[in-house]
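Data block for data10.cif (mmCIF, C-alpha atoms):
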```cif
data_query
loop_
_atom_site.group_PDB
_atom_site.id
_atom_site.type_symbol
_atom_site.label_atom_id
_atom_site.label_comp_id
_atom_site.auth_asym_id
_atom_site.auth_seq_id
_atom_site.Cartn_x
_atom_site.Cartn_y
_atom_site.Cartn_z
ATOM 1 C CA MET A 1 6.469 -10.439 11.333
ATOM 2 C CA SER A 2 3.900 -8.777 13.521
ATOM 3 C CA THR A 3 0.892 -7.185 11.928
ATOM 4 C CA ALA A 4 -0.890 -6.714 15.222
ATOM 5 C CA ALA A 5 0.724 -3.362 16.104
ATOM 6 C CA LYS A 6 -1.906 -0.734 16.614
ATOM 7 C CA GLY A 7 -1.323 2.159 14.300
ATOM 8 C CA THR A 8 -2.037 5.838 14.486
ATOM 9 C CA ALA A 9 -3.663 6.306 11.104
ATOM 10 C CA ARG A 10 -7.171 7.650 11.199
ATOM 11 C CA SER A 11 -8.362 7.383 7.650
ATOM 12 C CA ALA A 12 -7.365 6.373 4.156
ATOM 13 C CA LYS A 13 -8.781 7.678 0.930
ATOM 14 C CA LEU A 14 -8.014 6.945 -2.686
ATOM 15 C CA SER A 15 -9.018 8.677 -5.853
ATOM 16 C CA THR A 16 -8.033 8.233 -9.469
ATOM 17 C CA PRO A 17 -8.226 11.694 -11.048
ATOM 18 C CA GLY A 18 -7.086 10.497 -14.467
ATOM 19 C CA ASP A 19 -5.857 7.372 -16.129
ATOM 20 C CA ARG A 20 -2.227 8.389 -15.677
ATOM 21 C CA GLU A 21 -2.572 9.456 -12.060
ATOM 22 C CA ILE A 22 -3.155 7.976 -8.674
ATOM 23 C CA ARG A 23 -3.705 9.790 -5.426
ATOM 24 C CA THR A 24 -4.033 8.589 -1.875
ATOM 25 C CA GLU A 25 -4.460 10.354 1.468
ATOM 26 C CA ARG A 26 -4.074 9.292 5.050
ATOM 27 C CA VAL A 27 -4.175 11.075 8.384
ATOM 28 C CA PHE A 28 -1.518 10.258 10.990
ATOM 29 C CA ASP A 29 -1.452 11.013 14.695
ATOM 30 C CA ALA A 30 1.953 12.660 14.479
ATOM 31 C CA SER A 31 3.154 16.224 14.047
ATOM 32 C CA ARG A 32 4.030 17.441 10.572
ATOM 33 C CA GLU A 33 7.681 17.833 11.621
ATOM 34 C CA ARG A 34 7.880 14.192 12.690
ATOM 35 C CA VAL A 35 6.296 12.984 9.467
ATOM 36 C CA TRP A 36 8.637 15.203 7.445
ATOM 37 C CA ARG A 37 11.652 13.681 9.196
ATOM 38 C CA ALA A 38 10.315 10.177 8.534
ATOM 39 C CA PHE A 39 10.357 11.026 4.793
ATOM 40 C CA THR A 40 13.653 12.912 4.668
ATOM 41 C CA ASP A 41 15.987 11.357 7.259
ATOM 42 C CA PRO A 42 17.839 8.376 5.726
ATOM 43 C CA GLN A 43 17.944 6.468 9.000
ATOM 44 C CA GLN A 44 14.232 6.945 9.539
ATOM 45 C CA ILE A 45 13.038 6.185 6.009
ATOM 46 C CA ALA A 46 15.099 2.968 6.052
ATOM 47 C CA GLN A 47 12.842 1.745 8.849
ATOM 48 C CA TRP A 48 9.564 1.855 6.948
ATOM 49 C CA TRP A 49 9.850 2.494 3.198
ATOM 50 C CA GLY A 50 10.843 -1.107 2.429
ATOM 51 C CA ARG A 51 7.431 -2.410 3.477
ATOM 52 C CA GLY A 52 8.941 -4.628 6.145
ATOM 53 C CA HIS A 53 11.935 -5.721 4.077
ATOM 54 C CA GLN A 54 15.521 -4.653 4.639
ATOM 55 C CA LEU A 55 16.123 -1.349 2.866
ATOM 56 C CA ASP A 56 19.529 0.081 1.979
ATOM 57 C CA VAL A 57 19.519 3.838 1.547
ATOM 58 C CA VAL A 58 22.365 4.030 -0.927
ATOM 59 C CA ARG A 59 22.024 7.696 -1.657
ATOM 60 C CA MET A 60 19.708 10.403 -0.385
ATOM 61 C CA GLU A 61 20.465 14.037 -1.120
ATOM 62 C CA VAL A 62 17.337 15.807 0.021
ATOM 63 C CA GLU A 63 17.603 19.010 -1.994
ATOM 64 C CA ARG A 64 16.376 20.195 -5.346
ATOM 65 C CA GLY A 65 18.168 18.139 -8.007
ATOM 66 C CA GLY A 66 19.632 15.761 -5.427
ATOM 67 C CA HIS A 67 19.737 12.031 -6.131
ATOM 68 C CA TRP A 68 18.161 9.241 -4.139
ATOM 69 C CA ARG A 69 18.567 5.477 -4.463
ATOM 70 C CA PHE A 70 17.000 2.792 -2.285
ATOM 71 C CA VAL A 71 17.533 -0.957 -2.535
ATOM 72 C CA GLU A 72 14.849 -3.219 -1.121
ATOM 73 C CA HIS A 73 15.699 -6.805 -0.157
ATOM 74 C CA ALA A 74 12.419 -8.638 -0.760
ATOM 75 C CA PRO A 75 11.954 -12.411 -0.484
ATOM 76 C CA ASP A 76 11.790 -12.663 -4.296
ATOM 77 C CA GLY A 77 14.931 -10.666 -4.912
ATOM 78 C CA VAL A 78 16.630 -7.316 -4.695
ATOM 79 C CA HIS A 79 14.859 -4.295 -6.153
ATOM 80 C CA GLY A 80 16.460 -0.918 -6.731
ATOM 81 C CA PHE A 81 14.520 2.347 -6.948
ATOM 82 C CA GLU A 82 15.942 5.751 -7.678
ATOM 83 C CA GLY A 83 15.313 9.252 -8.851
ATOM 84 C CA ARG A 84 15.953 12.909 -8.165
ATOM 85 C CA TYR A 85 14.260 15.394 -5.938
ATOM 86 C CA ARG A 86 12.404 18.003 -7.968
ATOM 87 C CA GLU A 87 11.173 20.100 -5.093
ATOM 88 C CA VAL A 88 11.975 20.078 -1.385
ATOM 89 C CA ARG A 89 9.923 22.475 0.697
ATOM 90 C CA PRO A 90 10.103 21.587 4.394
ATOM 91 C CA PRO A 91 7.949 20.595 6.094
ATOM 92 C CA GLU A 92 5.151 20.480 3.581
ATOM 93 C CA ARG A 93 6.066 19.320 0.076
ATOM 94 C CA LEU A 94 8.384 16.781 -1.482
ATOM 95 C CA GLU A 95 8.402 16.085 -5.186
ATOM 96 C CA MET A 96 10.629 13.488 -6.776
ATOM 97 C CA THR A 97 11.093 11.361 -9.843
ATOM 98 C CA PHE A 98 10.854 7.622 -9.353
ATOM 99 C CA GLU A 99 12.268 4.788 -11.438
ATOM 100 C CA TRP A 100 12.398 1.078 -10.769
ATOM 101 C CA ASP A 101 15.486 -0.852 -11.937
ATOM 102 C CA GLY A 102 13.154 -3.429 -13.499
ATOM 103 C CA MET A 103 11.937 -0.756 -15.937
ATOM 104 C CA PRO A 104 14.884 1.598 -16.423
ATOM 105 C CA GLY A 105 14.120 4.877 -18.152
ATOM 106 C CA TYR A 106 10.417 4.815 -17.285
ATOM 107 C CA VAL A 107 9.877 7.668 -14.924
ATOM 108 C CA GLU A 108 6.977 8.630 -12.735
ATOM 109 C CA VAL A 109 6.679 11.742 -10.609
ATOM 110 C CA THR A 110 5.636 11.380 -6.982
ATOM 111 C CA THR A 111 4.491 14.356 -4.937
ATOM 112 C CA ILE A 112 4.045 14.082 -1.188
ATOM 113 C CA THR A 113 2.165 16.845 0.578
ATOM 114 C CA LEU A 114 1.980 17.152 4.371
ATOM 115 C CA GLU A 115 -0.864 19.163 5.816
ATOM 116 C CA ASP A 116 -0.857 20.214 9.469
ATOM 117 C CA LEU A 117 -4.314 19.462 10.884
ATOM 118 C CA GLY A 118 -3.475 20.756 14.355
ATOM 119 C CA ALA A 119 -3.554 18.760 17.605
ATOM 120 C CA GLY A 120 -0.537 16.754 16.447
ATOM 121 C CA ARG A 121 -2.219 15.327 13.388
ATOM 122 C CA THR A 122 -0.970 15.403 9.804
ATOM 123 C CA ARG A 123 -2.610 14.545 6.512
ATOM 124 C CA VAL A 124 -0.226 12.896 4.039
ATOM 125 C CA SER A 125 -1.290 13.052 0.386
ATOM 126 C CA THR A 126 0.585 11.048 -2.214
ATOM 127 C CA HIS A 127 0.117 11.872 -5.874
ATOM 128 C CA VAL A 128 1.721 9.736 -8.565
ATOM 129 C CA LEU A 129 1.842 10.812 -12.210
ATOM 130 C CA PHE A 130 2.956 8.655 -15.126
ATOM 131 C CA PHE A 131 3.896 10.240 -18.415
ATOM 132 C CA THR A 132 1.997 7.792 -20.570
ATOM 133 C CA LYS A 133 -0.594 5.087 -20.112
ATOM 134 C CA GLU A 134 1.884 2.646 -21.699
ATOM 135 C CA GLU A 135 4.464 3.321 -19.006
ATOM 136 C CA ARG A 136 1.849 2.857 -16.393
ATOM 137 C CA ASP A 137 0.778 -0.479 -17.849
ATOM 138 C CA GLY A 138 4.404 -1.527 -18.183
ATOM 139 C CA MET A 139 4.896 -0.958 -14.481
ATOM 140 C CA LEU A 140 1.928 -3.236 -13.859
ATOM 141 C CA LYS A 141 3.280 -5.936 -16.103
ATOM 142 C CA GLY A 142 6.747 -5.673 -14.622
ATOM 143 C CA GLY A 143 5.323 -5.817 -11.143
ATOM 144 C CA MET A 144 3.332 -8.937 -11.914
ATOM 145 C CA GLU A 145 6.178 -10.709 -13.662
ATOM 146 C CA GLN A 146 8.647 -10.013 -10.911
ATOM 147 C CA GLY A 147 6.169 -10.739 -8.154
ATOM 148 C CA MET A 148 7.305 -7.560 -6.471
ATOM 149 C CA ASN A 149 5.528 -8.334 -3.276
ATOM 150 C CA GLU A 150 4.112 -11.482 -1.803
ATOM 151 C CA SER A 151 0.912 -9.729 -0.854
ATOM 152 C CA TYR A 152 0.125 -9.205 -4.531
ATOM 153 C CA ALA A 153 -0.653 -12.925 -4.504
ATOM 154 C CA ALA A 154 -4.172 -12.137 -3.347
ATOM 155 C CA LEU A 155 -4.911 -10.020 -6.395
ATOM 156 C CA ASP A 156 -3.145 -12.410 -8.703
ATOM 157 C CA GLY A 157 -5.351 -15.121 -7.255
ATOM 158 C CA LEU A 158 -8.429 -13.055 -7.961
ATOM 159 C CA LEU A 159 -7.395 -12.472 -11.560
ATOM 160 C CA ALA A 160 -6.607 -16.123 -12.082
ATOM 161 C CA ARG A 161 -9.909 -17.350 -10.752
ATOM 162 C CA GLY A 162 -12.188 -14.818 -12.404
ATOM 163 C CA MET B 1 -13.009 1.947 -18.264
ATOM 164 C CA VAL B 2 -12.937 1.735 -14.537
ATOM 165 C CA GLN B 3 -16.286 1.501 -12.807
ATOM 166 C CA TYR B 4 -15.595 3.765 -9.874
ATOM 167 C CA ALA B 5 -18.644 2.877 -7.774
ATOM 168 C CA ARG B 6 -17.745 -0.799 -7.834
ATOM 169 C CA LEU B 7 -14.095 -0.053 -7.242
ATOM 170 C CA ASP B 8 -14.887 2.030 -4.175
ATOM 171 C CA ALA B 9 -16.149 -1.027 -2.334
ATOM 172 C CA ALA B 10 -13.068 -2.978 -3.379
ATOM 173 C CA PHE B 11 -10.669 -0.214 -2.317
ATOM 174 C CA ALA B 12 -12.430 0.184 1.010
ATOM 175 C CA ALA B 13 -12.150 -3.565 1.483
ATOM 176 C CA LEU B 14 -8.463 -3.551 0.521
ATOM 177 C CA SER B 15 -7.558 -0.557 2.691
ATOM 178 C CA ASP B 16 -7.379 -2.789 5.758
ATOM 179 C CA ARG B 17 -4.265 -4.832 6.454
ATOM 180 C CA THR B 18 -6.130 -7.767 7.976
ATOM 181 C CA ARG B 19 -8.485 -7.968 4.991
ATOM 182 C CA ARG B 20 -5.555 -7.946 2.585
ATOM 183 C CA GLY B 21 -4.069 -10.787 4.622
ATOM 184 C CA ILE B 22 -7.341 -12.726 4.418
ATOM 185 C CA LEU B 23 -7.342 -12.415 0.621
ATOM 186 C CA GLU B 24 -3.754 -13.544 0.460
ATOM 187 C CA ARG B 25 -4.585 -16.545 2.632
ATOM 188 C CA LEU B 26 -7.649 -17.437 0.545
ATOM 189 C CA GLY B 27 -5.537 -17.096 -2.590
ATOM 190 C CA ARG B 28 -3.701 -20.190 -1.344
ATOM 191 C CA GLY B 29 -6.848 -22.157 -0.509
ATOM 192 C CA ASP B 30 -10.274 -22.005 1.095
ATOM 193 C CA ALA B 31 -10.644 -21.557 4.858
ATOM 194 C CA SER B 32 -13.385 -21.396 7.466
ATOM 195 C CA ILE B 33 -14.182 -18.274 9.479
ATOM 196 C CA SER B 34 -12.766 -19.956 12.575
ATOM 197 C CA ASP B 35 -9.522 -20.872 10.725
ATOM 198 C CA LEU B 36 -9.149 -17.227 9.796
ATOM 199 C CA ALA B 37 -10.083 -16.003 13.277
ATOM 200 C CA THR B 38 -7.452 -18.259 14.833
ATOM 201 C CA ARG B 39 -4.817 -17.137 12.368
ATOM 202 C CA TYR B 40 -5.449 -13.463 13.092
ATOM 203 C CA ARG B 41 -6.114 -14.001 16.821
ATOM 204 C CA MET B 42 -9.529 -12.480 16.470
ATOM 205 C CA THR B 43 -12.999 -13.303 17.746
ATOM 206 C CA LEU B 44 -15.403 -15.033 15.357
ATOM 207 C CA THR B 45 -17.557 -11.900 15.422
ATOM 208 C CA GLY B 46 -14.618 -9.692 14.486
ATOM 209 C CA MET B 47 -13.576 -11.993 11.655
ATOM 210 C CA ASN B 48 -17.168 -12.242 10.441
ATOM 211 C CA LYS B 49 -17.223 -8.465 10.070
ATOM 212 C CA HIS B 50 -14.077 -8.425 7.926
ATOM 213 C CA VAL B 51 -15.328 -11.261 5.759
ATOM 214 C CA ARG B 52 -18.655 -9.514 5.245
ATOM 215 C CA VAL B 53 -16.880 -6.385 3.964
ATOM 216 C CA LEU B 54 -14.911 -8.506 1.500
ATOM 217 C CA GLU B 55 -18.062 -10.361 0.492
ATOM 218 C CA ARG B 56 -19.952 -7.135 -0.239
ATOM 219 C CA ALA B 57 -17.096 -6.057 -2.503
ATOM 220 C CA GLY B 58 -17.371 -9.384 -4.338
ATOM 221 C CA LEU B 59 -13.819 -10.298 -3.329
ATOM 222 C CA VAL B 60 -14.840 -13.227 -1.137
ATOM 223 C CA ALA B 61 -17.688 -15.731 -1.335
ATOM 224 C CA THR B 62 -18.915 -17.777 1.633
ATOM 225 C CA VAL B 63 -21.054 -20.862 2.009
ATOM 226 C CA LYS B 64 -22.407 -22.324 5.235
ATOM 227 C CA VAL B 65 -22.096 -26.075 5.694
ATOM 228 C CA GLY B 66 -23.683 -27.176 8.948
ATOM 229 C CA ARG B 67 -22.290 -24.880 11.609
ATOM 230 C CA VAL B 68 -19.182 -23.917 9.670
ATOM 231 C CA ARG B 69 -18.919 -21.003 7.253
ATOM 232 C CA HIS B 70 -16.381 -21.626 4.504
ATOM 233 C CA CYS B 71 -14.694 -18.759 2.644
ATOM 234 C CA ARG B 72 -13.097 -18.671 -0.760
ATOM 235 C CA LEU B 73 -12.082 -15.961 -3.188
ATOM 236 C CA GLY B 74 -15.105 -14.272 -4.731
ATOM 237 C CA PRO B 75 -16.468 -14.127 -8.261
ATOM 238 C CA ARG B 76 -15.118 -10.697 -8.949
ATOM 239 C CA ARG B 77 -12.778 -10.231 -11.864
ATOM 240 C CA LEU B 78 -10.849 -7.004 -11.911
ATOM 241 C CA SER B 79 -10.164 -5.463 -15.300
ATOM 242 C CA ASP B 80 -6.527 -4.835 -16.188
ATOM 243 C CA GLU B 81 -6.971 -1.177 -15.491
ATOM 244 C CA SER B 82 -8.596 -1.514 -12.109
ATOM 245 C CA ALA B 83 -6.126 -4.262 -11.225
ATOM 246 C CA TRP B 84 -3.277 -1.879 -11.926
ATOM 247 C CA ILE B 85 -4.775 0.817 -9.769
ATOM 248 C CA ALA B 86 -5.536 -1.664 -7.012
ATOM 249 C CA GLN B 87 -1.984 -3.037 -7.080
ATOM 250 C CA TYR B 88 -0.349 0.345 -7.091
ATOM 251 C CA HIS B 89 -2.695 1.511 -4.382
ATOM 252 C CA GLN B 90 -1.832 -1.538 -2.335
ATOM 253 C CA MET B 91 1.888 -0.790 -2.611
ATOM 254 C CA LEU B 92 1.319 2.789 -1.464
ATOM 255 C CA GLU B 93 -0.904 1.597 1.354
ATOM 256 C CA GLU B 94 1.717 -0.891 2.512
ATOM 257 C CA ARG B 95 4.254 1.904 2.725
ATOM 258 C CA LEU B 96 1.823 4.068 4.670
ATOM 259 C CA ASP B 97 1.070 1.136 7.001
ATOM 260 C CA ARG B 98 4.785 0.891 7.746
ATOM 261 C CA LEU B 99 5.119 4.641 8.174
ATOM 262 C CA ASP B 100 2.209 4.495 10.591
ATOM 263 C CA ALA B 101 3.836 1.717 12.613
ATOM 264 C CA PHE B 102 7.147 3.612 12.583
ATOM 265 C CA LEU B 103 5.555 6.826 13.860
ATOM 266 C CA GLU B 104 3.765 4.872 16.560
ATOM 267 C CA ARG B 105 6.949 3.052 17.569
ATOM 268 C CA THR B 106 9.042 6.207 17.793
ATOM 269 C CA LYS B 107 6.449 8.283 19.592
ATOM 270 C CA GLY B 108 8.199 10.192 22.362
ATOM 271 C CA ASP B 109 11.673 9.437 20.967
ATOM 272 C CA GLN B 110 11.984 12.943 19.629
ATOM 273 C CA ALA B 111 11.048 16.204 21.215
#
```

What would the structure in this file look like if it were written as structure tokens?
Amino acid sequence: MSTAAKGTARSAKLSTPGDREIRTERVFDASRERVWRAFTDPQQIAQWWGRGHQLDVVRMEVERGGHWRFVEHAPDGVHGFEGRYREVRPPERLEMTFEWDGMPGYVEVTTITLEDLGAGRTRVSTHVLFFTKEERDGMLKGGMEQGMNESYAALDGLLARG
Amino acid sequence: MVQYARLDAAFAALSDRTRRGILERLGRGDASISDLATRYRMTLTGMNKHVRVLERAGLVATVKVGRVRHCRLGPRRLSDESAWIAQYHQMLEERLDRLDAFLERTKGDQA
């Protein structure tokens, strides 16, 4: 797997507005329309959402109330994610619920906002809201138990060594 | 509670794909700067820069033995809360990394 590819991203920024929320921003050298398609076209999202792993887009009805379901084939196993679209406002706002099969019934709400910065650049803001702190912590626990991604090993290593 | 000032340095350190890779590598065992430079096909100077960022954030510790600088995971212990945020952040960042690569790869494909 190549990690040497030069990307277009110009900046990354994270903030934690509350203990049930997480927010991150990044600027891409791509038009808002292209970024919107990358998030809403099943063939395109399959090429990046799986973080380098094979991703099956089982269902993707990009409209208010529509269902989505993705299955990621990671080295440690198969992980399903699904939810419904709460708001679809092209090409600027996408809001959806998000559940992981490992923690069924625990829902978070993800909002993706695309801001046109002109000159073919787009700021992508991701906001994630959990309903309770317990659900949030459960997602952490589940993630650690399942070893959802090999790159978590670094942080696990840090925690173990103290 | 989360200490935001301290976390900022850690998040900045973790926002880079190479630096995340370095931490992952060091999680499996110590390595010298030149080991890491070879692995990431980077100059010693370039790798030194990355390691220094990680060191400032307390994520990596280094010790010089003769002419060789050895790296290992740092003394920093993340609280459960900051660990959660860091992990979730990392997942989001990985997705954005892939989106970035995808947009770069498909540049010019579409009008």

Review point. Which is closest to chain A among B:Asp109, B:Glu24, B:Asp30, B:Asp16, if we use all atoms listed in the file?
Key: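 So, comparing all the options, the nearest one is B:Glu24.
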
Point to revise | Answer key for the PyMOL selection byres ((chain A and resi 40) around 10), residues as a list in words | key: Arg34, Val35, Trp36, Arg37, Ala38, Phe39, Asp41, Pro42, Gln43, Gln44, Ile45, Met60, Glu61, Val62, Glu63, Val88, Pro90, Pro91 and Leu94 of chain A

Check your understanding: Mind telling me what the PyMOL selection byres ((chain B and resi 50-65) around 7) catches here, as a list in words?
Key -> Ala9, Ala10, Ala13, Arg19, Gly46, Met47, Asn48, Lys49, Gly66, Arg67, Val68, Arg69, His70, Cys71, Arg72, Leu73, Gly74, Pro75 and Arg76 of chain B

Point to revise | Selection result of the PyMOL selection byres ((chain A and resi 96) around 6) on this file, as a ChimeraX atom specification | key: /A:84-86,95,97,109-110

Exercise for review: Report the distance between atom CA of A:Trp100 and atom CA of A:Arg123 in Å, rounded to one decimal place.
Suggested key: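 These two atoms are separated by 26.6 Å.
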
Practice item. Between A:Arg69, A:Arg20, A:Arg51, A:Arg32, single out the one closest to chain B, counting only C-alpha atoms. Key: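 Counting only C-alpha atoms, the residue closest to chain B is A:Arg51.
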
Check your understanding: atom CA of B:Arg20 and atom CA of A:Val57, how far apart in Å?
Key -> 27.7 Å

Practice item. Select, from A:Thr126, A:Phe131, A:Ala74, A:Thr113, the residue with the minimum atom-to-atom distance to chain B, counting all atoms listed in the file. Key: A:Thr126
